[in-house]
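As stored in data10.cif (mmCIF, C-alpha atoms):
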```cif
data_query
loop_
_atom_site.group_PDB
_atom_site.id
_atom_site.type_symbol
_atom_site.label_atom_id
_atom_site.label_comp_id
_atom_site.auth_asym_id
_atom_site.auth_seq_id
_atom_site.Cartn_x
_atom_site.Cartn_y
_atom_site.Cartn_z
ATOM 1 C CA ARG T 15 18.986 -7.211 9.379
ATOM 2 C CA LEU T 16 18.317 -3.897 7.674
ATOM 3 C CA GLN T 17 14.606 -4.153 8.467
ATOM 4 C CA ASN T 18 15.508 -4.710 12.128
ATOM 5 C CA GLU T 19 17.666 -1.576 12.061
ATOM 6 C CA ILE T 20 14.888 0.464 10.480
ATOM 7 C CA ALA T 21 11.835 -0.963 12.281
ATOM 8 C CA PRO T 22 12.961 -2.875 15.386
ATOM 9 C CA ASP T 23 10.808 -5.708 16.743
ATOM 10 C CA ARG T 24 8.647 -6.133 13.646
ATOM 11 C CA VAL T 25 10.822 -8.817 11.991
ATOM 12 C CA PRO T 26 12.616 -11.835 13.484
ATOM 13 C CA THR T 27 16.088 -11.192 14.888
ATOM 14 C CA VAL T 28 18.902 -12.705 12.819
ATOM 15 C CA HIS T 29 21.365 -14.151 15.320
ATOM 16 C CA HIS T 30 23.891 -15.457 12.803
ATOM 17 C CA ALA T 31 24.256 -15.815 9.043
ATOM 18 C CA ASP T 32 27.011 -17.548 7.061
ATOM 19 C CA GLU T 33 26.615 -17.372 3.299
ATOM 20 C CA ALA T 34 29.439 -19.835 2.600
ATOM 21 C CA MET T 35 27.793 -22.435 4.835
ATOM 22 C CA SER T 36 24.238 -21.580 3.674
ATOM 23 C CA LEU T 37 23.391 -21.104 7.339
ATOM 24 C CA VAL T 38 20.947 -18.751 9.041
ATOM 25 C CA VAL T 39 20.152 -18.766 12.747
ATOM 26 C CA MET T 40 17.185 -16.589 13.565
ATOM 27 C CA GLU T 41 14.569 -15.947 16.218
ATOM 28 C CA TYR T 42 12.105 -18.793 16.783
ATOM 29 C CA LEU T 43 8.587 -17.366 16.800
ATOM 30 C CA GLU T 44 7.302 -20.059 19.111
ATOM 31 C CA HIS T 45 4.117 -18.294 20.153
ATOM 32 C CA HIS T 46 3.218 -16.762 16.773
ATOM 33 C CA GLU T 47 1.093 -18.180 13.966
ATOM 34 C CA VAL T 48 0.782 -17.295 10.305
ATOM 35 C CA MET T 49 -2.005 -14.736 10.066
ATOM 36 C CA ARG T 50 -4.004 -16.071 7.109
ATOM 37 C CA THR T 51 -5.807 -18.954 8.811
ATOM 38 C CA PRO T 52 -6.848 -17.303 12.095
ATOM 39 C CA LEU T 53 -8.031 -14.252 10.175
ATOM 40 C CA LEU T 54 -10.175 -16.521 8.019
ATOM 41 C CA GLU T 55 -11.564 -18.006 11.231
ATOM 42 C CA GLY T 56 -12.637 -14.549 12.347
ATOM 43 C CA ARG T 57 -10.131 -14.194 15.155
ATOM 44 C CA ARG T 58 -9.131 -10.684 16.195
ATOM 45 C CA PHE T 59 -5.662 -9.178 16.503
ATOM 46 C CA PRO T 60 -6.267 -5.689 17.897
ATOM 47 C CA ASP T 61 -2.715 -4.385 17.433
ATOM 48 C CA PHE T 62 -2.162 -5.719 13.917
ATOM 49 C CA ALA T 63 -3.193 -2.664 11.881
ATOM 50 C CA ARG T 64 -1.091 -0.337 14.034
ATOM 51 C CA HIS T 65 1.935 -2.624 13.903
ATOM 52 C CA ILE T 66 1.887 -3.327 10.164
ATOM 53 C CA SER T 67 1.114 0.245 9.096
ATOM 54 C CA SER T 68 3.955 1.569 11.238
ATOM 55 C CA PHE T 69 6.360 -1.085 9.934
ATOM 56 C CA LEU T 70 5.601 -0.377 6.284
ATOM 57 C CA ALA T 71 5.549 3.420 6.637
ATOM 58 C CA THR T 72 8.870 3.357 8.485
ATOM 59 C CA LEU T 73 10.538 0.968 6.041
ATOM 60 C CA HIS T 74 9.298 2.835 2.983
ATOM 61 C CA PHE T 75 9.973 6.352 4.188
ATOM 62 C CA THR T 76 13.416 5.610 5.609
ATOM 63 C CA THR T 77 14.617 4.115 2.306
ATOM 64 C CA SER T 78 12.983 6.729 0.049
ATOM 65 C CA ASP T 79 14.228 9.896 -1.636
ATOM 66 C CA MET T 80 12.373 11.869 1.021
ATOM 67 C CA ALA T 81 14.755 10.646 3.733
ATOM 68 C CA MET T 82 17.949 9.728 1.852
ATOM 69 C CA ASP T 83 20.258 11.721 -0.376
ATOM 70 C CA GLY T 84 20.236 10.530 -3.946
ATOM 71 C CA ILE T 85 23.673 8.903 -3.958
ATOM 72 C CA ALA T 86 23.110 6.949 -0.732
ATOM 73 C CA LYS T 87 19.722 5.771 -1.909
ATOM 74 C CA LYS T 88 21.089 4.549 -5.232
ATOM 75 C CA GLU T 89 23.934 2.742 -3.456
ATOM 76 C CA LEU T 90 21.408 0.987 -1.248
ATOM 77 C CA GLN T 91 19.250 0.248 -4.266
ATOM 78 C CA ARG T 92 22.247 -1.402 -5.953
ATOM 79 C CA ARG T 93 22.567 -3.772 -2.972
ATOM 80 C CA PHE T 94 18.974 -4.908 -3.444
ATOM 81 C CA ILE T 95 18.843 -5.554 -7.169
ATOM 82 C CA ASN T 96 16.798 -8.770 -7.264
ATOM 83 C CA PRO T 97 16.268 -9.573 -10.957
ATOM 84 C CA ALA T 98 15.363 -13.257 -10.776
ATOM 85 C CA LEU T 99 12.638 -12.934 -8.150
ATOM 86 C CA CYS T 100 11.338 -9.683 -9.630
ATOM 87 C CA ASN T 101 11.006 -11.501 -12.942
ATOM 88 C CA ILE T 102 8.881 -14.159 -11.228
ATOM 89 C CA GLN T 103 6.473 -11.481 -10.020
ATOM 90 C CA GLU T 104 6.461 -9.711 -13.381
ATOM 91 C CA ASP T 105 5.393 -12.953 -15.054
ATOM 92 C CA PHE T 106 3.124 -14.522 -12.446
ATOM 93 C CA VAL T 107 1.324 -11.410 -11.174
ATOM 94 C CA TYR T 108 1.146 -9.118 -14.208
ATOM 95 C CA THR T 109 1.374 -11.229 -17.374
ATOM 96 C CA ASN T 110 0.827 -14.987 -17.487
ATOM 97 C CA PRO T 111 -2.600 -15.225 -15.802
ATOM 98 C CA TYR T 112 -4.123 -13.123 -18.584
ATOM 99 C CA MET T 113 -2.883 -15.263 -21.479
ATOM 100 C CA GLU T 114 -2.225 -18.907 -22.301
ATOM 101 C CA SER T 115 0.485 -20.189 -19.958
ATOM 102 C CA ASP T 116 1.263 -23.719 -18.786
ATOM 103 C CA GLU T 117 1.355 -22.964 -15.066
ATOM 104 C CA ASN T 118 -2.046 -21.248 -14.907
ATOM 105 C CA GLU T 119 -4.695 -23.040 -12.852
ATOM 106 C CA TRP T 120 -8.221 -22.102 -11.816
ATOM 107 C CA HIS T 121 -11.397 -23.493 -10.350
ATOM 108 C CA PRO T 122 -13.644 -24.887 -13.146
ATOM 109 C CA GLY T 123 -16.518 -22.775 -11.896
ATOM 110 C CA ILE T 124 -14.855 -19.665 -13.310
ATOM 111 C CA ASP T 125 -13.984 -20.972 -16.790
ATOM 112 C CA ALA T 126 -16.168 -18.311 -18.382
ATOM 113 C CA LEU T 127 -14.739 -15.605 -16.123
ATOM 114 C CA VAL T 128 -11.176 -16.490 -17.161
ATOM 115 C CA ARG T 129 -12.149 -16.082 -20.812
ATOM 116 C CA GLU T 130 -13.878 -12.815 -19.949
ATOM 117 C CA VAL T 131 -10.775 -11.421 -18.242
ATOM 118 C CA ARG T 132 -8.489 -12.394 -21.105
ATOM 119 C CA ALA T 133 -10.783 -10.568 -23.549
ATOM 120 C CA ASP T 134 -11.260 -7.486 -21.338
ATOM 121 C CA TRP T 135 -9.037 -4.963 -23.110
ATOM 122 C CA GLU T 136 -9.847 -2.154 -20.659
ATOM 123 C CA LEU T 137 -8.794 -4.322 -17.720
ATOM 124 C CA LYS T 138 -5.676 -5.628 -19.462
ATOM 125 C CA THR T 139 -4.608 -2.098 -20.367
ATOM 126 C CA ALA T 140 -4.868 -1.158 -16.695
ATOM 127 C CA ILE T 141 -2.832 -4.238 -15.710
ATOM 128 C CA ALA T 142 -0.097 -3.292 -18.195
ATOM 129 C CA GLU T 143 0.001 0.230 -16.763
ATOM 130 C CA VAL T 144 0.379 -1.118 -13.244
ATOM 131 C CA LYS T 145 3.046 -3.620 -14.329
ATOM 132 C CA GLU T 146 5.057 -0.723 -15.755
ATOM 133 C CA THR T 147 5.220 0.867 -12.302
ATOM 134 C CA TYR T 148 6.435 -2.412 -10.785
ATOM 135 C CA MET T 149 9.219 -2.587 -13.352
ATOM 136 C CA THR T 150 10.335 1.053 -13.319
ATOM 137 C CA ARG T 151 9.306 2.976 -10.181
ATOM 138 C CA ALA T 152 12.019 2.557 -7.523
ATOM 139 C CA GLN T 153 10.413 4.589 -4.737
ATOM 140 C CA ALA T 154 11.644 2.660 -1.701
ATOM 141 C CA LEU T 155 12.886 -0.679 -0.402
ATOM 142 C CA LEU T 156 9.927 -3.064 -0.371
ATOM 143 C CA HIS T 157 9.288 -6.251 1.522
ATOM 144 C CA GLY T 158 8.237 -7.578 -1.883
ATOM 145 C CA ASP T 159 5.764 -10.301 -0.854
ATOM 146 C CA MET T 160 3.558 -8.639 1.753
ATOM 147 C CA HIS T 161 0.590 -10.991 2.078
ATOM 148 C CA THR T 162 -1.080 -12.529 5.129
ATOM 149 C CA GLY T 163 1.047 -15.651 4.701
ATOM 150 C CA SER T 164 4.169 -13.540 5.303
ATOM 151 C CA ILE T 165 2.927 -12.166 8.621
ATOM 152 C CA MET T 166 2.976 -13.981 11.957
ATOM 153 C CA VAL T 167 0.923 -12.756 14.880
ATOM 154 C CA THR T 168 -0.094 -13.161 18.480
ATOM 155 C CA GLU T 169 -2.804 -11.135 20.168
ATOM 156 C CA THR T 170 -0.170 -8.537 21.101
ATOM 157 C CA ASP T 171 2.643 -8.875 18.559
ATOM 158 C CA THR T 172 3.209 -8.832 14.791
ATOM 159 C CA LYS T 173 6.242 -10.147 12.909
ATOM 160 C CA VAL T 174 6.909 -9.894 9.175
ATOM 161 C CA ILE T 175 8.773 -12.840 7.634
ATOM 162 C CA ASP T 176 10.013 -14.060 4.228
ATOM 163 C CA PRO T 177 11.665 -10.959 2.686
ATOM 164 C CA GLU T 178 13.380 -12.834 -0.145
ATOM 165 C CA PHE T 179 11.510 -10.797 -2.791
ATOM 166 C CA ALA T 180 12.820 -7.478 -1.390
ATOM 167 C CA PHE T 181 13.785 -4.848 -3.971
ATOM 168 C CA PHE T 182 13.404 -1.140 -4.655
ATOM 169 C CA GLY T 183 10.020 -0.642 -6.245
ATOM 170 C CA PRO T 184 6.679 1.176 -6.061
ATOM 171 C CA ILE T 185 5.419 1.662 -2.510
ATOM 172 C CA GLY T 186 1.929 0.731 -3.661
ATOM 173 C CA TYR T 187 3.062 -2.816 -4.418
ATOM 174 C CA ASP T 188 3.639 -3.711 -0.755
ATOM 175 C CA LEU T 189 0.418 -2.059 0.340
ATOM 176 C CA GLY T 190 -1.534 -3.448 -2.601
ATOM 177 C CA THR T 191 -0.403 -7.017 -1.972
ATOM 178 C CA LEU T 192 -1.534 -6.767 1.650
ATOM 179 C CA PHE T 193 -4.821 -5.085 0.705
ATOM 180 C CA ALA T 194 -5.481 -7.763 -1.925
ATOM 181 C CA ASN T 195 -5.095 -10.642 0.494
ATOM 182 C CA LEU T 196 -7.309 -8.918 3.052
ATOM 183 C CA ALA T 197 -9.921 -8.316 0.343
ATOM 184 C CA ILE T 198 -9.775 -11.985 -0.717
ATOM 185 C CA ASN T 199 -10.423 -12.893 2.909
ATOM 186 C CA TRP T 200 -13.380 -10.483 2.903
ATOM 187 C CA ALA T 201 -14.795 -12.074 -0.255
ATOM 188 C CA ALA T 202 -14.382 -15.622 1.050
ATOM 189 C CA GLN T 203 -15.979 -15.118 4.474
ATOM 190 C CA PRO T 204 -19.564 -16.179 3.533
ATOM 191 C CA ALA T 205 -18.234 -19.569 2.375
ATOM 192 C CA HIS T 206 -16.552 -20.310 5.720
ATOM 193 C CA ALA T 207 -17.874 -20.997 9.184
ATOM 194 C CA GLY T 208 -18.476 -18.045 11.458
ATOM 195 C CA ASP T 209 -20.341 -14.766 11.420
ATOM 196 C CA ALA T 210 -19.616 -13.634 7.869
ATOM 197 C CA GLU T 211 -21.110 -10.176 8.309
ATOM 198 C CA ALA T 212 -19.130 -9.429 11.470
ATOM 199 C CA ASN T 213 -15.939 -10.889 10.025
ATOM 200 C CA ARG T 214 -16.303 -8.863 6.842
ATOM 201 C CA ALA T 215 -16.818 -5.702 8.866
ATOM 202 C CA HIS T 216 -13.677 -6.523 10.834
ATOM 203 C CA VAL T 217 -11.572 -7.040 7.699
ATOM 204 C CA ALA T 218 -12.883 -3.800 6.167
ATOM 205 C CA GLU T 219 -11.929 -2.031 9.390
ATOM 206 C CA ILE T 220 -8.409 -3.473 9.148
ATOM 207 C CA LEU T 221 -8.109 -2.193 5.574
ATOM 208 C CA ARG T 222 -9.201 1.273 6.664
ATOM 209 C CA ASP T 223 -6.954 1.318 9.729
ATOM 210 C CA VAL T 224 -3.873 0.080 7.879
ATOM 211 C CA TRP T 225 -4.133 2.819 5.260
ATOM 212 C CA THR T 226 -5.003 5.530 7.771
ATOM 213 C CA GLY T 227 -2.182 4.532 10.093
ATOM 214 C CA TYR T 228 0.261 4.263 7.202
ATOM 215 C CA ALA T 229 -0.601 7.683 5.789
ATOM 216 C CA VAL T 230 -0.407 9.398 9.185
ATOM 217 C CA GLU T 231 2.951 7.811 10.052
ATOM 218 C CA PHE T 232 4.487 8.400 6.619
ATOM 219 C CA ASP T 233 3.332 12.024 6.596
ATOM 220 C CA ARG T 234 4.574 12.594 10.148
ATOM 221 C CA ARG T 235 8.024 11.269 9.323
ATOM 222 C CA TRP T 236 8.166 13.315 6.139
ATOM 223 C CA SER T 237 7.004 16.572 7.730
ATOM 224 C CA GLU T 238 9.466 16.179 10.630
ATOM 225 C CA GLY T 239 12.404 14.695 8.748
ATOM 226 C CA ASN T 240 12.521 15.921 5.161
ATOM 227 C CA THR T 241 16.234 15.135 4.830
ATOM 228 C CA GLY T 242 16.275 13.614 1.340
ATOM 229 C CA ASP T 243 17.009 15.019 -2.075
ATOM 230 C CA LEU T 244 13.505 14.814 -3.551
ATOM 231 C CA ALA T 245 12.173 18.160 -2.322
ATOM 232 C CA PRO T 246 14.388 19.409 0.543
ATOM 233 C CA ALA T 247 13.335 22.045 3.063
ATOM 234 C CA GLY T 248 14.946 24.908 1.147
ATOM 235 C CA TYR T 249 12.930 24.011 -1.911
ATOM 236 C CA TRP T 250 9.753 25.198 -0.164
ATOM 237 C CA ALA T 251 11.229 28.421 1.247
ATOM 238 C CA PHE T 252 9.767 30.435 -1.632
ATOM 239 C CA GLY T 253 6.411 29.930 -3.308
ATOM 240 C CA GLY T 254 4.146 28.474 -0.688
ATOM 241 C CA GLY T 255 6.276 27.328 2.234
ATOM 242 C CA ASP T 256 4.687 24.892 4.687
ATOM 243 C CA GLU T 257 1.309 25.004 2.959
ATOM 244 C CA ALA T 258 2.773 23.993 -0.398
ATOM 245 C CA PHE T 259 4.848 21.262 1.226
ATOM 246 C CA ALA T 260 1.761 19.864 2.983
ATOM 247 C CA GLU T 261 -0.192 19.831 -0.284
ATOM 248 C CA TYR T 262 2.630 18.001 -2.048
ATOM 249 C CA ARG T 263 2.689 15.360 0.686
ATOM 250 C CA ARG T 264 -1.096 14.958 0.396
ATOM 251 C CA ARG T 265 -0.907 14.467 -3.365
ATOM 252 C CA TYR T 266 1.970 12.022 -3.037
ATOM 253 C CA LEU T 267 0.134 9.827 -0.540
ATOM 254 C CA LEU T 268 -3.017 9.919 -2.641
ATOM 255 C CA SER T 269 -0.982 8.669 -5.605
ATOM 256 C CA VAL T 270 0.306 5.833 -3.409
ATOM 257 C CA LEU T 271 -3.258 4.849 -2.486
ATOM 258 C CA ARG T 272 -4.312 4.809 -6.137
ATOM 259 C CA ASP T 273 -1.229 2.797 -7.057
ATOM 260 C CA SER T 274 -2.021 0.386 -4.222
ATOM 261 C CA ALA T 275 -5.463 -0.200 -5.719
ATOM 262 C CA GLY T 276 -3.929 -1.191 -9.046
ATOM 263 C CA HIS T 277 -1.392 -3.578 -7.559
ATOM 264 C CA ALA T 278 -4.070 -5.053 -5.291
ATOM 265 C CA GLY T 279 -6.258 -5.769 -8.311
ATOM 266 C CA CYS T 280 -3.448 -7.611 -10.090
ATOM 267 C CA GLU T 281 -2.625 -9.669 -7.003
ATOM 268 C CA MET T 282 -6.278 -10.673 -6.585
ATOM 269 C CA LEU T 283 -6.702 -11.734 -10.207
ATOM 270 C CA ARG T 284 -3.523 -13.777 -10.278
ATOM 271 C CA ARG T 285 -4.733 -15.695 -7.206
ATOM 272 C CA LEU T 286 -7.832 -16.650 -9.219
ATOM 273 C CA MET T 287 -6.369 -17.695 -12.551
ATOM 274 C CA GLY T 288 -2.587 -17.854 -12.296
ATOM 275 C CA ILE T 289 -0.156 -19.878 -10.243
ATOM 276 C CA VAL T 290 -0.405 -20.253 -6.440
ATOM 277 C CA SER T 291 -3.924 -19.741 -5.153
ATOM 278 C CA VAL T 292 -4.675 -19.055 -1.481
ATOM 279 C CA PRO T 293 -6.324 -21.199 1.226
ATOM 280 C CA ASP T 294 -9.050 -18.596 1.640
ATOM 281 C CA LEU T 295 -10.439 -19.821 -1.700
ATOM 282 C CA GLU T 296 -8.944 -23.293 -2.097
ATOM 283 C CA THR T 297 -10.451 -24.600 1.138
ATOM 284 C CA ILE T 298 -14.032 -23.772 0.114
ATOM 285 C CA ALA T 299 -15.500 -27.250 -0.370
ATOM 286 C CA ASP T 300 -18.753 -26.168 -2.006
ATOM 287 C CA GLY T 301 -18.043 -25.507 -5.676
ATOM 288 C CA GLU T 302 -20.871 -23.030 -6.140
ATOM 289 C CA ALA T 303 -19.877 -21.083 -3.019
ATOM 290 C CA ARG T 304 -16.295 -20.936 -4.266
ATOM 291 C CA THR T 305 -17.453 -19.648 -7.628
ATOM 292 C CA VAL T 306 -19.449 -16.898 -5.918
ATOM 293 C CA ALA T 307 -16.451 -15.926 -3.769
ATOM 294 C CA GLU T 308 -14.107 -15.853 -6.753
ATOM 295 C CA ARG T 309 -16.494 -13.756 -8.823
ATOM 296 C CA THR T 310 -16.607 -11.326 -5.907
ATOM 297 C CA VAL T 311 -12.792 -11.205 -5.904
ATOM 298 C CA HIS T 312 -12.863 -10.409 -9.624
ATOM 299 C CA SER T 313 -15.470 -7.686 -9.149
ATOM 300 C CA ILE T 314 -13.379 -5.871 -6.524
ATOM 301 C CA ALA T 315 -10.140 -6.368 -8.450
ATOM 302 C CA ARG T 316 -11.539 -4.968 -11.669
ATOM 303 C CA ARG T 317 -12.900 -1.877 -9.922
ATOM 304 C CA TRP T 318 -9.563 -1.239 -8.212
ATOM 305 C CA LEU T 319 -7.717 -1.520 -11.508
ATOM 306 C CA VAL T 320 -10.008 0.264 -13.950
ATOM 307 C CA ASP T 321 -11.320 2.935 -11.566
ATOM 308 C CA ARG T 322 -8.175 3.652 -9.554
ATOM 309 C CA ASP T 323 -7.578 7.190 -10.862
ATOM 310 C CA PRO T 324 -10.812 8.686 -9.424
ATOM 311 C CA ILE T 325 -9.983 7.358 -5.922
ATOM 312 C CA ASP T 326 -9.821 10.402 -3.648
ATOM 313 C CA GLY T 327 -9.460 8.770 -0.238
ATOM 314 C CA ILE T 328 -9.994 5.616 1.756
ATOM 315 C CA ASP T 329 -13.795 5.730 1.403
ATOM 316 C CA ASP T 330 -13.470 5.612 -2.380
ATOM 317 C CA PHE T 331 -10.908 2.826 -2.076
ATOM 318 C CA LEU T 332 -13.240 0.707 0.051
ATOM 319 C CA ALA T 333 -16.335 1.388 -2.052
ATOM 320 C CA PRO T 334 -15.948 -1.777 -4.240
ATOM 321 C CA LEU T 335 -16.348 -3.914 -1.121
ATOM 322 C CA GLY T 336 -19.682 -2.297 -0.406
ATOM 323 C CA SER T 337 -20.957 -2.928 -3.917
ATOM 324 C CA ALA T 338 -19.603 -6.492 -4.220
ATOM 325 C CA ARG T 339 -21.653 -9.541 -3.294
#
```
Show the structure stored in the file as structure tokens.
Amino acid sequence: RLQNEIAPDRVPTVHHADEAMSLVVMEYLEHHEVMRTPLLEGRRFPDFARHISSFLATLHFTTSDMAMDGIAKKELQRRFINPALCNIQEDFVYTNPYMESDENEWHPGIDALVREVRADWELKTAIAEVKETYMTRAQALLHGDMHTGSIMVTETDTKVIDPEFAFFGPIGYDLGTLFANLAINWAAQPAHAGDAEANRAHVAEILRDVWTGYAVEFDRRWSEGNTGDLAPAGYWAFGGGDEAFAEYRRRYLLSVLRDSAGHAGCEMLRRLMGIVSVPDLETIADGEARTVAERTVHSIARRWLVDRDPIDGIDDFLAPLGSAR
């Protein structure tokens, strides 16, 4: 309901909800389909990047300290404390895949890679740093599970579903989860039917367009509506004015992109060696081809985690895709 207030038309309409009766009546997305499979098939959704970047930028900015006063934001944050489901993510995304844990599963072709990851202290230090932001950085209200299985599409419409993991957390987590699942699709394309080169180029273009659209929309809203308590208009009246404010916004968004890289890396690794893999990889029948795809996922994920601080823009962010095989 709140998402519909903030970003109309991008989530299903809730017609009725009764907590006592455990009843929800909501819009039936009769003509939509979950995005993961058609994207893997190479099908095109020309409005997707614009829709999803606008939805996320609007949701994040509107519930952030840039748009809300501190008291109102903390009151809203209190409504969305979600400890049980956050704990699931803390364990399954950031901890258990990198140690002995009963629920971990992986394709036998990457046995050696799993051991390599668990012994990679540089990588595990980066994962711990990123986990700390998930646990402590309450920047905005997140969808909380923003992968291509939580998005339904037609050729002209995009709907975001399944917000049960919503909480106030780091903006980069939502973006990173989406980027990770797109990157897994990119890595898996050669093992599926279709024009792998063209499909990879399309997915890379989506990644670029989502970030570019997000940054433009977030910055526009912030420059036009700096109504929150973080750094209000009067704060910039002395010592730089509009130029200083613009530079602060640039630095903030760059930090979000770097944070997104870290969260994306964690999401990709947990899909390889934790609980709940993805059809992009699981449906690869050829064991050797799957191993190649999963090693490519690891290569991108490690770069995004270990080398996230030097990222200075979307070209740097996308560079690991160009160097991966």
Evaluate the PyMOL selection byres ((chain T and resi 21) around 12) here and jot the selected residues down as a ChimeraX atom specification.
-> /T:15-20,22-27,65-77,172-174
Sorted by chain and rising residue number, list the residues of range 187-207 of chain T at most 9 Å from range 290-310 of chain T (counting all atoms listed in the file), each with its closest atom pair and distance in Å to one decimal, as JSON lines.
```
{"residue": "T:Asn195", "atom": "CA", "partner": "T:Val292", "partner_atom": "CA", "distance": 8.7}
{"residue": "T:Ile198", "atom": "CA", "partner": "T:Asp294", "partner_atom": "CA", "distance": 7.1}
{"residue": "T:Asn199", "atom": "CA", "partner": "T:Asp294", "partner_atom": "CA", "distance": 6.0}
{"residue": "T:Ala201", "atom": "CA", "partner": "T:Ala307", "partner_atom": "CA", "distance": 5.5}
{"residue": "T:Ala202", "atom": "CA", "partner": "T:Ala307", "partner_atom": "CA", "distance": 5.3}
{"residue": "T:Gln203", "atom": "CA", "partner": "T:Asp294", "partner_atom": "CA", "distance": 8.3}
{"residue": "T:Pro204", "atom": "CA", "partner": "T:Ala307", "partner_atom": "CA", "distance": 7.9}
{"residue": "T:Ala205", "atom": "CA", "partner": "T:Ala303", "partner_atom": "CA", "distance": 5.8}
{"residue": "T:His206", "atom": "CA", "partner": "T:Ile298", "partner_atom": "CA", "distance": 7.1}
```
Could you expand the PyMOL selection byres ((chain T and resi 322-333) around 12) into the explicit residues it covers here, written as an MDAnalysis selection string?
-> chainID T and resid 137 140:141 143:144 190 193:194 196:197 200 215 217:229 264:279 313:321 334:338
His30 in chain T environment, 6 Å, only C-alpha atoms, sequence neighbours closer than 2 positions dropped, as a list of chain:residue names | T:Val28, T:Val38, T:Val39
Go through T:Met166, T:Ala207, T:Ala260, T:Ala251 and flag the residue nearest Glu55 in chain T, using only C-alpha atoms for the distances.
-> T:Ala207
Would you mind listing what lies within 8 Å of range 87-101 of chain T as a PyMOL selection string, with only C-alpha atoms counted and same-chain residues fewer than 5 positions away left out?
-> chain T and resi 77-79+82+155+179-182
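CA of Thr162 in chain T is positioned 16.5 Å from CA of Val107 in chain T.
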Spatial neighbours of Ala81 in chain T, 12 Å, all atoms listed in the file, chain gap at least 3 places, as a VMD selection string | chain T and resid 72 to 78 84 to 87 153 to 154 232 to 233 235 to 247
Point-to-point distance in Å for CA of Val128 in chain T and CA of His161 in chain T =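 Computing the Euclidean distance for CA of His161 in chain T and CA of Val128 in chain T yields 23.2 Å.
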Nearby residues, (10.6, -3.8, -12.4) file frame, 7 Å, only C-alpha atoms, as a ChimeraX atom specification | /T:100,148-150,183
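If all atoms listed in the file are the atoms counted, then among T:Asp83, T:Glu130, T:Glu104, T:Asp125 the closest residue to Gly158 in chain T is T:Glu104.
Residues matching the PyMOL selection byres ((chain T and resi 57) around 12) in this structure come to Glu47, Met49, Arg50, Thr51, Pro52, Leu53, Leu54, Glu55, Gly56, Arg58, Phe59, Pro60, Phe62, Val167, Thr168, Glu169, Ala207, Gly208, Asp209, Ala210, Ala212, Asn213, Arg214, His216 and Val217 of chain T.
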Quick one: pull the distance between CA of Thr191 in chain T and CA of Met282 in chain T, Å, one decimal.
->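 Rounded to one decimal, the two atoms are 8.3 Å apart.
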Pick from T:Phe252, T:Val131, T:Asp176, T:Thr109: nearest to His312 in chain T, with all atoms listed in the file counted?
->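 For His312 in chain T, the nearest of the given residues is T:Val131.
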Counting all atoms listed in the file, figure out which residue out of T:Tyr112, T:Asn118, T:Ile124, T:Gly186 gets nearest to Lys138 in chain T.
->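 The shortest atom-to-atom distance to Lys138 in chain T comes from T:Tyr112.
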